[in-house]
2 protein chains.
Amino acid sequence: MVQHRAHASIDHVVAAISDPTRRAILDRLARGPARISEVAEPFPMTLTGFCKHVRVLERAGLVRRTRRGRDNTLELSPAPLREVARWVLQYEQFWNDRLNRLHDFFANEKEKSQ
Amino acid sequence: MVQHRAHASIDHVVAAISDPTRRAILDRLARGPARISEVAEPFPMTLTGFCKHVRVLERAGLVRRTRRGRDNTLELSPAPLREVARWVLQYEQFWNDRLNRLHDFFANEKEKSQ
């Protein structure tokens, strides 16, 4: 059961970051918390459309929203990305193995041509 | 334009790995190439349903399919995960910062209580 819940959570997190607007919102919040209207400003969409993206990020646990005066403040909550990083980095050895094989191949070719 | 194409590609890759079945297929192929029927066997779904997942992985460039005899062979193609790792790891400092702040907090509390 715990295993299943852990999967459901990483599914939401990964789906949340599959959209370039949502990744851009996180990149903006990585520079510090900001009011929602301020974060929304550079995006070519309505505030309603923008807020839908924010809700997806909130549900994935990647963004925290707090009321401060009349405007809401958004803050990055990066912890769920850690599990994504852990999964993806299992594959790091494969890039390195491939790079090592390419290196060996070219080293061999060079040796043959001498 | 190049920037846009790069985004489209990482979107497909991240969407592809947002599904637990597709992550499990990659985890299986990380142990080595295998015939499609062999990879499909432990999954509780029809071969048609399984092949849909494989096609999503192929389109994202994460799996390569080669014909060998009557059955197709699937092989891991991990390179596209590298860009995902690069994006996610930008956030590593935030986990570390948070862990450092927690460490400082408990160190201070301990000092105060002595």
# chains A, B, ... in the order shown; residues from 1 in each chain; ligands from 1
>>> interface_residues(of="chain A", to="chain B", cutoff="7 Å", atoms="only C-alpha atoms", output="CSV table (one decimal) with C-alpha atoms, in the first residue's frame")
chain,number,residue,atom,x,y,z
A,7,HIS,CA,4.1,5.6,-6.9
A,11,ASP,CA,3.3,10.1,-11.0
A,14,VAL,CA,6.4,13.9,-12.9
A,15,ALA,CA,3.1,14.8,-14.7
A,18,SER,CA,5.9,17.6,-18.0
A,19,ASP,CA,4.5,21.0,-19.0
A,20,PRO,CA,6.9,23.8,-20.0
A,78,PRO,CA,11.2,21.3,-4.0
A,79,ALA,CA,11.2,18.2,-1.8
A,81,LEU,CA,11.6,16.5,-7.0
A,85,ALA,CA,16.0,12.9,-9.2
A,88,VAL,CA,16.4,9.4,-13.0
A,89,LEU,CA,19.9,9.2,-11.6
A,91,TYR,CA,20.2,5.8,-15.3
A,94,PHE,CA,24.2,4.2,-18.7
A,95,TRP,CA,25.2,7.6,-20.1
>>> select_by_dssp(residues="chain A", states="strand (DSSP E or B)", output="PyMOL selection string")
chain A and resi 34-35+63-68+71-76
>>> write_last_selection(atoms="N, CA, C and O atoms", output="PDB file, in the first residue's frame")
ATOM      1  N   ALA A  34       7.072  34.745  -4.428  1.00  0.00           N
ATOM      2  CA  ALA A  34       6.568  35.951  -5.107  1.00  0.00           C
ATOM      3  C   ALA A  34       5.044  35.922  -5.130  1.00  0.00           C
ATOM      4  O   ALA A  34       4.431  34.855  -5.007  1.00  0.00           O
ATOM      5  N   ARG A  35       4.465  37.116  -5.279  1.00  0.00           N
ATOM      6  CA  ARG A  35       3.011  37.190  -5.377  1.00  0.00           C
ATOM      7  C   ARG A  35       2.557  36.550  -6.682  1.00  0.00           C
ATOM      8  O   ARG A  35       3.249  36.650  -7.706  1.00  0.00           O
ATOM      9  N   VAL A  63       4.511  23.424  -4.957  1.00  0.00           N
ATOM     10  CA  VAL A  63       4.325  24.860  -4.710  1.00  0.00           C
ATOM     11  C   VAL A  63       3.437  25.016  -3.480  1.00  0.00           C
ATOM     12  O   VAL A  63       2.489  24.253  -3.299  1.00  0.00           O
ATOM     13  N   ARG A  64       3.780  25.983  -2.617  1.00  0.00           N
ATOM     14  CA  ARG A  64       2.944  26.295  -1.466  1.00  0.00           C
ATOM     15  C   ARG A  64       2.381  27.704  -1.656  1.00  0.00           C
ATOM     16  O   ARG A  64       3.102  28.602  -2.072  1.00  0.00           O
ATOM     17  N   ARG A  65       1.076  27.850  -1.358  1.00  0.00           N
ATOM     18  CA  ARG A  65       0.421  29.136  -1.547  1.00  0.00           C
ATOM     19  C   ARG A  65       0.033  29.666  -0.176  1.00  0.00           C
ATOM     20  O   ARG A  65      -0.548  28.950   0.635  1.00  0.00           O
ATOM     21  N   THR A  66       0.391  30.913   0.122  1.00  0.00           N
ATOM     22  CA  THR A  66      -0.025  31.511   1.401  1.00  0.00           C
ATOM     23  C   THR A  66      -0.678  32.851   1.125  1.00  0.00           C
ATOM     24  O   THR A  66      -0.238  33.592   0.231  1.00  0.00           O
ATOM     25  N   ARG A  67      -1.718  33.162   1.887  1.00  0.00           N
ATOM     26  CA  ARG A  67      -2.384  34.457   1.752  1.00  0.00           C
ATOM     27  C   ARG A  67      -1.541  35.508   2.453  1.00  0.00           C
ATOM     28  O   ARG A  67      -1.114  35.321   3.577  1.00  0.00           O
ATOM     29  N   ARG A  68      -1.287  36.590   1.744  1.00  0.00           N
ATOM     30  CA  ARG A  68      -0.566  37.706   2.356  1.00  0.00           C
ATOM     31  C   ARG A  68      -1.220  38.955   1.780  1.00  0.00           C
ATOM     32  O   ARG A  68      -0.991  39.284   0.619  1.00  0.00           O
ATOM     33  N   ASP A  71      -3.272  39.594  -2.137  1.00  0.00           N
ATOM     34  CA  ASP A  71      -2.704  38.709  -3.151  1.00  0.00           C
ATOM     35  C   ASP A  71      -2.130  37.456  -2.481  1.00  0.00           C
ATOM     36  O   ASP A  71      -1.677  37.513  -1.344  1.00  0.00           O
ATOM     37  N   ASN A  72      -2.159  36.333  -3.183  1.00  0.00           N
ATOM     38  CA  ASN A  72      -1.529  35.133  -2.647  1.00  0.00           C
ATOM     39  C   ASN A  72      -0.042  35.135  -2.975  1.00  0.00           C
ATOM     40  O   ASN A  72       0.370  35.651  -4.006  1.00  0.00           O
ATOM     41  N   THR A  73       0.723  34.528  -2.091  1.00  0.00           N
ATOM     42  CA  THR A  73       2.152  34.381  -2.343  1.00  0.00           C
ATOM     43  C   THR A  73       2.442  32.923  -2.662  1.00  0.00           C
ATOM     44  O   THR A  73       1.903  32.021  -2.020  1.00  0.00           O
ATOM     45  N   LEU A  74       3.274  32.699  -3.662  1.00  0.00           N
ATOM     46  CA  LEU A  74       3.675  31.340  -4.032  1.00  0.00           C
ATOM     47  C   LEU A  74       5.109  31.107  -3.591  1.00  0.00           C
ATOM     48  O   LEU A  74       5.962  31.995  -3.702  1.00  0.00           O
ATOM     49  N   GLU A  75       5.343  29.888  -3.120  1.00  0.00           N
ATOM     50  CA  GLU A  75       6.686  29.533  -2.670  1.00  0.00           C
ATOM     51  C   GLU A  75       7.029  28.154  -3.203  1.00  0.00           C
ATOM     52  O   GLU A  75       6.170  27.259  -3.242  1.00  0.00           O
ATOM     53  N   LEU A  76       8.277  27.970  -3.613  1.00  0.00           N
ATOM     54  CA  LEU A  76       8.747  26.679  -4.098  1.00  0.00           C
ATOM     55  C   LEU A  76       8.798  25.666  -2.960  1.00  0.00           C
ATOM     56  O   LEU A  76       9.199  25.999  -1.845  1.00  0.00           O
TER      57      LEU A  76
END
>>> atom_distance(atom1="CA of Arg55 (chain B)", atom2="CA of Arg59 (chain A)")
28.4 Å
